[in-house]
$ cat work09.pdb   # PDB, C-alpha atoms
ATOM      1  CA  MET A   1       7.558  19.145 -29.862
ATOM      2  CA  SER A   2      10.792  17.411 -30.761
ATOM      3  CA  ASP A   3      11.245  13.661 -31.093
ATOM      4  CA  PHE A   4      13.015  13.494 -27.713
ATOM      5  CA  GLU A   5      10.177  15.318 -25.932
ATOM      6  CA  ALA A   6       7.608  13.111 -27.636
ATOM      7  CA  GLN A   7       9.413  10.030 -26.308
ATOM      8  CA  LEU A   8       9.563  11.418 -22.759
ATOM      9  CA  LEU A   9       5.848  12.247 -22.725
ATOM     10  CA  ASN A  10       4.679   9.050 -24.414
ATOM     11  CA  MET A  11       1.741   7.137 -22.952
ATOM     12  CA  ASN A  12       3.979   4.111 -22.232
ATOM     13  CA  VAL A  13       6.269   6.260 -20.098
ATOM     14  CA  ILE A  14       3.351   7.666 -18.128
ATOM     15  CA  LEU A  15       1.892   4.190 -17.617
ATOM     16  CA  ILE A  16       5.256   2.837 -16.401
ATOM     17  CA  ALA A  17       5.525   5.688 -13.910
ATOM     18  CA  ALA A  18       1.926   5.178 -12.756
ATOM     19  CA  ALA A  19       2.492   1.441 -12.314
ATOM     20  CA  ALA A  20       5.624   2.036 -10.242
ATOM     21  CA  TRP A  21       3.828   4.595  -8.063
ATOM     22  CA  PHE A  22       0.898   2.219  -7.530
ATOM     23  CA  ILE A  23       3.153  -0.722  -6.638
ATOM     24  CA  LEU A  24       5.038   1.397  -4.103
ATOM     25  CA  TRP A  25       1.778   2.774  -2.681
ATOM     26  CA  VAL A  26       0.426  -0.755  -2.190
ATOM     27  CA  LEU A  27       3.731  -1.845  -0.645
ATOM     28  CA  ARG A  28       3.552   1.002   1.883
ATOM     29  CA  ARG A  29      -0.057   0.079   2.710
ATOM     30  CA  ILE A  30       0.635  -3.604   3.348
ATOM     31  CA  TRP A  31       3.988  -3.085   5.094
ATOM     32  CA  PRO A  32       3.498  -0.226   7.582
ATOM     33  CA  GLY A  33       6.718  -1.131   9.438
ATOM     34  CA  MET A  34       8.780  -0.244   6.377
ATOM     35  CA  ASN A  35      10.337   2.793   8.066
ATOM     36  CA  LYS A  36      11.498   0.797  11.094
ATOM     37  CA  ILE A  37      14.249  -1.029   9.176
ATOM     38  CA  ARG A  38      17.195   1.314   8.717
ATOM     39  CA  TRP A  39      18.495   0.174   5.324
ATOM     40  CA  VAL A  40      14.966  -0.009   3.869
ATOM     41  CA  LYS A  41      14.319   3.557   5.017
ATOM     42  CA  LYS A  42      17.601   4.777   3.500
ATOM     43  CA  LEU A  43      16.853   3.240   0.097
ATOM     44  CA  LYS A  44      13.259   4.523   0.023
ATOM     45  CA  PRO A  45      13.982   7.497  -2.307
ATOM     46  CA  ALA A  46      15.591   5.173  -4.863
ATOM     47  CA  TYR A  47      12.692   2.706  -5.090
ATOM     48  CA  PRO A  48      10.788   4.472  -7.921
ATOM     49  CA  ALA A  49      13.896   4.775 -10.084
ATOM     50  CA  LEU A  50      14.954   1.175  -9.445
ATOM     51  CA  LEU A  51      11.486  -0.151 -10.171
ATOM     52  CA  CYS A  52      11.188   1.865 -13.381
ATOM     53  CA  GLN A  53      14.666   0.777 -14.466
ATOM     54  CA  GLY A  54      13.405  -2.775 -14.255
ATOM     55  CA  PHE A  55      10.257  -1.937 -16.234
ATOM     56  CA  VAL A  56      12.068  -0.342 -19.191
ATOM     57  CA  TRP A  57      14.043  -3.530 -19.827
ATOM     58  CA  ILE A  58      10.857  -5.542 -20.383
ATOM     59  CA  PRO A  59      10.470  -6.060 -24.145
ATOM     60  CA  GLY A  60       7.710  -3.947 -25.669
ATOM     61  CA  THR A  61       7.451  -1.330 -22.928
ATOM     62  CA  MET A  62       9.562   1.304 -24.646
ATOM     63  CA  PRO A  63       7.852   3.748 -27.039
ATOM     64  CA  MET A  64      10.493   3.399 -29.774
ATOM     65  CA  GLU A  65      11.299   0.364 -31.940
ATOM     66  CA  ASP A  66      14.981  -0.268 -31.138
ATOM     67  CA  PRO A  67      16.007   1.728 -28.051
ATOM     68  CA  THR A  68      19.654   1.983 -27.099
ATOM     69  CA  VAL A  69      20.985   1.136 -23.649
ATOM     70  CA  GLY A  70      21.436   4.838 -22.863
ATOM     71  CA  MET A  71      17.886   5.622 -23.917
ATOM     72  CA  ARG A  72      16.518   2.845 -21.684
ATOM     73  CA  ILE A  73      18.502   4.145 -18.706
ATOM     74  CA  LEU A  74      17.382   7.727 -19.356
ATOM     75  CA  ILE A  75      13.714   6.794 -19.758
ATOM     76  CA  GLY A  76      13.912   4.595 -16.642
ATOM     77  CA  LEU A  77      15.243   7.512 -14.608
ATOM     78  CA  TRP A  78      12.606   9.819 -16.089
ATOM     79  CA  CYS A  79       9.829   7.339 -15.205
ATOM     80  CA  GLY A  80      11.239   7.035 -11.676
ATOM     81  CA  PHE A  81      11.204  10.814 -11.337
ATOM     82  CA  LEU A  82       7.603  10.944 -12.545
ATOM     83  CA  ALA A  83       6.642   8.129 -10.163
ATOM     84  CA  SER A  84       8.195   9.907  -7.195
ATOM     85  CA  ILE A  85       6.570  13.301  -7.814
ATOM     86  CA  GLY A  86       3.598  12.182  -9.918
ATOM     87  CA  TYR A  87       1.050  12.277  -7.112
ATOM     88  CA  GLN A  88       1.986  15.835  -6.203
ATOM     89  CA  LEU A  89       1.747  16.890  -9.871
ATOM     90  CA  ILE A  90      -1.684  15.296 -10.265
ATOM     91  CA  ARG A  91      -2.825  16.831  -6.983
ATOM     92  CA  ARG A  92      -1.807  20.327  -8.133
ATOM     93  CA  ILE A  93      -3.384  19.922 -11.556
ATOM     94  CA  LEU A  94      -6.655  18.675 -10.062
ATOM     95  CA  SER A  95      -6.702  21.445  -7.448
ATOM     96  CA  ARG A  96      -7.051  23.931 -10.315
ATOM     97  CA  GLN A  97     -10.206  22.046 -11.317
ATOM     98  CA  ASP A  98     -11.561  22.283  -7.722
ATOM     99  CA  VAL A  99     -10.833  18.623  -6.939
ATOM    100  CA  ASN A 100      -9.024  18.315  -3.633
ATOM    101  CA  LEU A 101      -6.908  15.261  -2.906
ATOM    102  CA  PRO A 102      -5.268  14.666   0.484
ATOM    103  CA  GLU A 103      -1.641  15.702   0.800
ATOM    104  CA  ASP A 104      -0.682  12.213   1.927
ATOM    105  CA  PRO A 105      -1.603   9.537  -0.651
ATOM    106  CA  ASN A 106      -2.057   7.010   2.168
ATOM    107  CA  GLN A 107      -5.218   8.907   3.112
ATOM    108  CA  LEU A 108      -6.852   8.071  -0.237
ATOM    109  CA  MET A 109      -8.365   4.917   1.245
ATOM    110  CA  PRO A 110      -9.559   4.432   4.814
ATOM    111  CA  THR A 111      -7.490   2.199   7.061
ATOM    112  CA  VAL A 112      -9.030  -1.228   7.464
ATOM    113  CA  SER A 113      -8.973  -2.676  10.953
ATOM    114  CA  MET A 114      -8.078  -6.342  11.267
ATOM    115  CA  VAL A 115     -10.099  -6.685  14.526
ATOM    116  CA  PRO A 116     -13.189  -8.865  14.025
ATOM    117  CA  PRO A 117     -16.487  -7.104  14.632
ATOM    118  CA  ALA A 118     -18.020  -7.439  18.089
ATOM    119  CA  GLN A 119     -20.909  -9.842  18.391
ATOM    120  CA  ASP A 120     -24.355  -8.480  18.887
ATOM    121  CA  SER A 121     -25.143  -8.118  22.589
ATOM    122  CA  GLU A 122     -28.823  -8.894  21.944
ATOM    123  CA  MET A 123     -28.040 -12.430  20.826
ATOM    124  CA  ASP A 124     -29.013 -14.914  23.472
ATOM    125  CA  ALA A 125     -26.750 -17.888  24.116
ATOM    126  CA  THR A 126     -29.757 -20.113  24.678
ATOM    127  CA  GLU A 127     -30.777 -20.026  21.025
ATOM    128  CA  GLU A 128     -30.815 -23.310  19.203
ATOM    129  CA  ASN A 129     -27.487 -24.547  17.724
ATOM    130  CA  GLU A 130     -25.405 -22.138  19.780
ATOM    131  CA  THR A 131     -23.088 -22.840  22.683
ATOM    132  CA  PRO A 132     -23.241 -20.694  25.804
ATOM    133  CA  ASN A 133     -20.505 -18.101  26.343
ATOM    134  CA  GLU A 134     -19.434 -19.723  29.619
ATOM    135  CA  THR A 135     -19.708 -23.389  30.474
ATOM    136  CA  PRO A 136     -21.176 -23.892  33.958
ATOM    137  CA  VAL A 137     -18.965 -25.731  36.442
ATOM    138  CA  PRO A 138     -20.628 -28.405  38.607
ATOM    139  CA  ALA A 139     -20.957 -27.482  42.291
ATOM    140  CA  GLU A 140     -18.763 -30.355  43.520
ATOM    141  CA  LEU A 141     -15.829 -29.116  41.395
ATOM    142  CA  ARG A 142     -16.047 -25.493  42.504
ATOM    143  CA  LYS A 143     -13.759 -24.307  45.288
ATOM    144  CA  PRO A 144     -15.426 -22.501  48.136
ATOM    145  CA  SER A 145     -14.567 -18.830  48.132
ATOM    146  CA  SER A 146     -13.076 -19.065  51.653
ATOM    147  CA  GLU A 147     -10.251 -21.382  50.546
ATOM    148  CA  THR A 148      -7.098 -19.796  49.264
ATOM    149  CA  ASP A 149      -3.968 -21.230  47.681
ATOM    150  CA  GLU A 150      -1.513 -20.530  50.468
ATOM    151  CA  GLY A 151       1.074 -23.127  50.769
TER     152      GLY A 151
END

$ encode --input "work09.pdb" --output "structure tokens"
Amino acid sequence: MSDFEAQLLNMNVILIAAAAWFILWVLRRIWPGMNKIRWVKKLKPAYPALLCQGFVWIPGTMPMEDPTVGMRILIGLWCGFLASIGYQLIRRILSRQDVNLPEDPNQLMPTVSMVPPAQDSEMDATEENETPNETPVPAELRKPSSETDEG
């Protein structure tokens, strides 16, 4: 393996690509309306490359001692490419080992509902330290059912 190939397959490069993929995966999970905004949807394919371009300019993230500007740009694009197709590569490699991952990475974790759980129907409102579900209205304040609001 040549020096150039060793730099492209370095552990730092793989970790940068994995970090970018994970950040984008989390972003898609917490912002499901991402595809409803037109300009956000159009820029979606460029997100991995842009994120990785930012990562390679952080001091100490590059595998070599004194990388040039061109090398940083090239490695950033390479990391972005790996981040964009990395899940599919891992899925294909693991399928050879009889490990099946879902085709959509959003199906890796179940969707969490933000609806609070229903209260137990067996709980009685007359228990100590609890308020009843409905406050009774005194008879003198209730309207007779024959009256209507016509007027």

$ atom_distance --input "work09.pdb" --atom1 "atom CA of Ile16 of chain A" --atom2 "atom CA of Gly60 of chain A"
11.7 Å

$ residues_around --input "work09.pdb" --residues "Arg72 of chain A" --least-positions-apart "5" --cutoff "8 Å" --atoms "only C-alpha atoms" --output "PyMOL selection string"
chain A and resi 53+56-57+62+67

$ atom_distance --input "work09.pdb" --atom1 "atom CA of Leu101 of chain A" --atom2 "atom CA of Glu5 of chain A"
28.7 Å

$ resolve_selection --input "work09.pdb" --expression "the PyMOL selection byres ((chain A and resi 46-49) around 12)" --output "PyMOL selection string"
chain A and resi 16-25+27-28+39-45+50-56+73-86

$ residues_around --input "work09.pdb" --residues "Ala6 of chain A" --least-positions-apart "5" --cutoff "12 Å" --atoms "only C-alpha atoms" --output "PyMOL selection string"
chain A and resi 1+11-14+63-64+75

$ axis_aligned_box --input "work09.pdb" --around "segment 57-62 of chain A" --padding-each-side "3 Å" --output "lines of an AutoDock Vina configuration file"
center_x = 10.7
center_y = -2.4
center_z = -22.7
size_x = 12.6
size_y = 13.4
size_z = 11.8

$ atom_distance --input "work09.pdb" --atom1 "atom CA of Glu103 of chain A" --atom2 "atom CA of Gln88 of chain A"
7.9 Å
